[in-house]
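I have placed the structure first, in the form of structure tokens, so that the comments after it can refer back to it.
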Amino acid sequence: MSLVSIVVPVYQNAASLPDLMARFRRAADECPGDVFEFVFVDDGSTDASFAILSGLAREDPRVRVLKLARNFGSSAAILAGLGQTRGDAVAAIAADLQDPPELIPEMLRAWHGGRRVVLAARRSREDPLPTRVLAGVFYQLFRRFAIRNMPPGGFDFFLVDRQVRDLIVGIEENNAYLMGLILWFGFDPLMIAYDRKQREARYGLSMWTLAKRIKYFVDSFVAFSYLPLRLVSVTGFVVFVLAVLYASLILYLRLARGFPVEGWTSLMLVLLVTSAVQILTLGVLGEYLWRNLEETRKRPRFVVEAVVNGGGADDVPVRLRPPP
């Protein structure tokens with residue numbers, strides 16, 4: 001008999017939590033040879049999420065709840081939950097029910113069969129068109145320039161064994177891209193394809209804003225690819241070559257042909273292009289330097305304010321008050 005831990009990051013998901021727990025229970029019933037624990041991490045929600053989770057924990061001793069002091073982001077919430085898991089196998093899934101908990105039994109069968117990493121890979125998605133386009137571009141670029149075995153539609157729902165869980169928890173990056181890390185470790189993942197459903201209106205609006213998407217994109221590439229720096233270098237070289245050719249042409253026309261040079265327009269074009277390249281270069285370097293500064297500060301990646309039904313595997317980094 002194996003202990004299976006399910007980690008769920010929660011942010012403004014009060015409406016979906018009862019349905020999510022009901023589907024977890026049905027999935028657990030399909031695995032009579034396994035024992036489950038459900039670790040919910042309230043990532044600074046301002047709705048009734050923590051109250052609902054506390055009620056679920058009182059009803060079901062398999063439920064444990066971590067409340068973070070503020071919103072630290074989905075990756076930090078998953079890391080906080082992973083650090084409190086005790087299972088032989090550990091899964092992580094979002095709370096909005098766009099990923100189906102019904103895949104858990106199939107993923108567990110693959111794990112029992114010897115697979116260390118099992119990924120629920122998106123075959124299609126019913127999200128709005130802008131979301132599908134942005135996600136498609138992101139994963140194509142990430143597959144091309146960072147990690148080639150990333151599923152074409154990406155994944156957020158995964159199951160790993162204890163060894164891989166320990167490796168993830170041991171990573172000390174402040175802006176870690178967990179999905180990339182799981183593939184970077186090198187274990188041969190099993191992909192289980194599914195169709196991602198659209199978020200139901202009764203579960204509220206997604207908190208995954210455009211600003212968070214952009215940060216996610218930048219963090220992912222900075223962590224696993226030097227492509228931005230290489231593009232800046234290539235752009236700078238191309239602009240340099242063009243500038244030399246243009247200067248040579250102007251000098252030739254002036255000295256050999258006596259061609260009058262109208263200075264203002266050409267000067268403005270050169271200044272605008274070179275200034276844009278310089279600012280772009282500083283911006284890219286700043287992104288890398290900022291993340292380097294984040295790592296050297298050694299601040300905790302998350303702060304746990306309270307724990308319900310505690311007793312996890314590892315000590316949480318910071319606790320503001322004893323668990324209730």
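Just so we're on the same page: first chain in the structure tokens is A, next is B, and so on; residues restart at 1 for each chain, and ligands are numbered from 1 in the order they show up.
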Show which residues sit within 12 Å of Arg86 of chain A, as a short mmCIF file (atom, residue, chain, number, x, y, z; two decimals) with N, CA and C atoms, in the first residue's frame. Count only C-alpha atoms, and ignore same-chain residues fewer than 2 positions away.
```cif
data_model
loop_
_atom_site.label_atom_id
_atom_site.label_comp_id
_atom_site.auth_asym_id
_atom_site.auth_seq_id
_atom_site.Cartn_x
_atom_site.Cartn_y
_atom_site.Cartn_z
N SER A 2 0.58 2.19 -0.89
CA SER A 2 1.39 3.39 -1.06
C SER A 2 0.61 4.62 -0.61
N LEU A 3 1.36 5.60 -0.10
CA LEU A 3 0.76 6.88 0.26
C LEU A 3 0.93 7.83 -0.91
N VAL A 4 -0.16 8.44 -1.34
CA VAL A 4 -0.16 9.35 -2.47
C VAL A 4 -0.54 10.74 -1.98
N SER A 5 0.29 11.73 -2.29
CA SER A 5 0.03 13.12 -1.89
C SER A 5 -0.42 13.92 -3.10
N ILE A 6 -1.48 14.68 -2.93
CA ILE A 6 -1.97 15.57 -3.97
C ILE A 6 -1.82 17.01 -3.48
N VAL A 7 -1.07 17.82 -4.21
CA VAL A 7 -0.83 19.22 -3.84
C VAL A 7 -1.68 20.11 -4.74
N VAL A 35 -3.35 4.97 -0.28
CA VAL A 35 -3.86 5.88 0.74
C VAL A 35 -3.53 7.30 0.28
N PHE A 36 -4.48 8.22 0.43
CA PHE A 36 -4.30 9.57 -0.09
C PHE A 36 -4.21 10.59 1.03
N GLU A 37 -3.46 11.66 0.74
CA GLU A 37 -3.51 12.89 1.52
C GLU A 37 -3.61 14.05 0.53
N PHE A 38 -4.34 15.07 0.92
CA PHE A 38 -4.58 16.21 0.04
C PHE A 38 -4.04 17.47 0.74
N VAL A 39 -3.03 18.07 0.12
CA VAL A 39 -2.37 19.24 0.70
C VAL A 39 -2.77 20.47 -0.11
N ARG A 62 -7.76 13.47 5.87
CA ARG A 62 -6.75 13.39 4.81
C ARG A 62 -6.39 14.76 4.25
N ARG A 64 -5.01 18.50 4.47
CA ARG A 64 -4.18 19.44 5.23
C ARG A 64 -4.11 20.75 4.46
N GLY A 81 3.61 23.31 -0.77
CA GLY A 81 2.86 22.08 -0.59
C GLY A 81 3.74 20.84 -0.72
N LEU A 82 4.63 20.85 -1.71
CA LEU A 82 5.53 19.70 -1.89
C LEU A 82 6.37 19.47 -0.64
N GLY A 83 6.80 20.56 0.00
CA GLY A 83 7.61 20.43 1.19
C GLY A 83 6.89 19.81 2.36
N GLN A 84 5.57 19.76 2.29
CA GLN A 84 4.78 19.19 3.39
C GLN A 84 4.21 17.81 3.06
N ASP A 88 4.66 8.55 -1.17
CA ASP A 88 5.60 7.85 -2.05
C ASP A 88 5.50 8.39 -3.47
N ALA A 89 4.32 8.84 -3.83
CA ALA A 89 4.08 9.53 -5.10
C ALA A 89 3.40 10.85 -4.78
N VAL A 90 3.75 11.88 -5.55
CA VAL A 90 3.24 13.23 -5.29
C VAL A 90 2.74 13.81 -6.59
N ALA A 91 1.52 14.34 -6.57
CA ALA A 91 0.94 14.99 -7.74
C ALA A 91 0.62 16.43 -7.41
N ASP A 161 7.56 10.58 -8.43
CA ASP A 161 7.84 9.75 -7.26
C ASP A 161 8.61 10.55 -6.21
N ARG A 162 8.89 9.91 -5.11
CA ARG A 162 9.49 10.61 -3.97
C ARG A 162 10.86 11.18 -4.31
N GLN A 163 11.65 10.46 -5.09
CA GLN A 163 12.98 10.94 -5.42
C GLN A 163 12.91 12.25 -6.21
N ARG A 165 10.39 14.33 -6.26
CA ARG A 165 9.86 15.33 -5.34
C ARG A 165 10.97 15.94 -4.50
N ASP A 166 11.88 15.11 -3.99
CA ASP A 166 12.97 15.61 -3.17
C ASP A 166 13.89 16.53 -3.99
N GLY A 310 -1.57 19.81 10.48
CA GLY A 310 -0.15 19.80 10.13
C GLY A 310 0.48 18.44 10.30
N GLY A 311 1.81 18.44 10.28
CA GLY A 311 2.55 17.19 10.41
C GLY A 311 3.17 16.76 9.11
N GLY A 312 3.65 17.75 8.33
CA GLY A 312 4.24 17.43 7.04
C GLY A 312 5.63 16.87 7.15
N ALA A 313 6.23 16.62 5.97
CA ALA A 313 7.52 15.95 5.93
C ALA A 313 8.66 16.87 6.32
N ASP A 314 8.62 18.10 5.85
CA ASP A 314 9.73 19.03 6.08
C ASP A 314 9.23 20.22 6.87
#
```
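Compared by their closest atoms to Arg23 of chain A, and using only C-alpha atoms, the residues A:Ile250, A:Val270, A:Ile104, A:Ala48 rank with A:Ile104 nearest.
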Discussion item. Can you pull out the residues contacting segment 121-126 of chain A? Cut-off 8 Å, using only C-alpha atoms, and skip same-chain residues under 2 positions away; I want them as a list of chain:residue names.
Written reply: A:Leu119, A:Pro128, A:Arg132, A:Pro151, A:Pro152, A:Gly153, A:Gly154, A:Phe155, A:Asp156, A:Phe157, A:Met191, A:Ile192, A:Ala193, A:Tyr194, A:Asp195, A:Arg196, A:Lys197, A:Gln198
Quick one: write out the picked residues with N, CA and C atoms as a compact mmCIF listing (two decimals), in the first residue's frame?
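What landed in selection.txt:
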```txt
# COMPACT_ATOMS: atom_id res chain seq x y z
N LEU A 119 3.17 12.97 -16.78
CA LEU A 119 2.67 14.30 -17.08
C LEU A 119 1.31 14.22 -17.76
N PRO A 128 -9.97 31.01 -24.25
CA PRO A 128 -10.19 32.05 -25.27
C PRO A 128 -9.05 32.10 -26.28
N ARG A 132 -5.00 30.90 -26.20
CA ARG A 132 -4.49 29.79 -26.99
C ARG A 132 -3.32 30.23 -27.87
N PRO A 151 5.97 19.04 -23.85
CA PRO A 151 4.81 18.73 -24.68
C PRO A 151 4.36 19.95 -25.48
N PRO A 152 3.91 19.75 -26.73
CA PRO A 152 3.53 20.90 -27.57
C PRO A 152 2.49 21.81 -26.93
N GLY A 153 1.58 21.24 -26.15
CA GLY A 153 0.57 22.05 -25.48
C GLY A 153 0.92 22.38 -24.05
N GLY A 154 2.09 21.95 -23.58
CA GLY A 154 2.51 22.21 -22.21
C GLY A 154 1.78 21.34 -21.20
N PHE A 155 2.09 21.54 -19.94
CA PHE A 155 1.43 20.82 -18.86
C PHE A 155 1.56 21.60 -17.57
N ASP A 156 0.58 21.42 -16.68
CA ASP A 156 0.62 21.97 -15.33
C ASP A 156 0.31 20.90 -14.30
N PHE A 157 -0.20 19.78 -14.75
CA PHE A 157 -0.67 18.69 -13.90
C PHE A 157 0.33 17.54 -14.05
N MET A 191 3.78 10.75 -21.06
CA MET A 191 2.79 11.79 -21.37
C MET A 191 1.41 11.16 -21.50
N ILE A 192 0.45 11.66 -20.75
CA ILE A 192 -0.95 11.25 -20.88
C ILE A 192 -1.72 12.45 -21.42
N ALA A 193 -2.20 12.33 -22.66
CA ALA A 193 -2.85 13.46 -23.33
C ALA A 193 -4.29 13.62 -22.86
N TYR A 194 -4.72 14.85 -22.76
CA TYR A 194 -6.10 15.14 -22.41
C TYR A 194 -6.48 16.49 -23.03
N ASP A 195 -7.77 16.76 -23.07
CA ASP A 195 -8.29 18.02 -23.61
C ASP A 195 -8.65 18.94 -22.45
N ARG A 196 -7.99 20.07 -22.39
CA ARG A 196 -8.21 21.01 -21.29
C ARG A 196 -9.54 21.73 -21.48
N LYS A 197 -10.38 21.69 -20.50
CA LYS A 197 -11.70 22.30 -20.56
C LYS A 197 -11.63 23.80 -20.26
N GLN A 198 -12.63 24.51 -20.76
CA GLN A 198 -12.72 25.93 -20.43
C GLN A 198 -13.18 26.10 -18.98
```
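Residues surrounding Thr131 of chain A within 12 Å are A:Arg125, A:Glu126, A:Asp127, A:Ala135, A:Gly136, A:Val137, A:Phe138, A:Gly153, A:Gln198, A:Ser206, A:Trp208, A:Thr209, A:Leu210, A:Arg213, A:Ile214 [only C-alpha atoms; sequence separation below 4 positions excluded].
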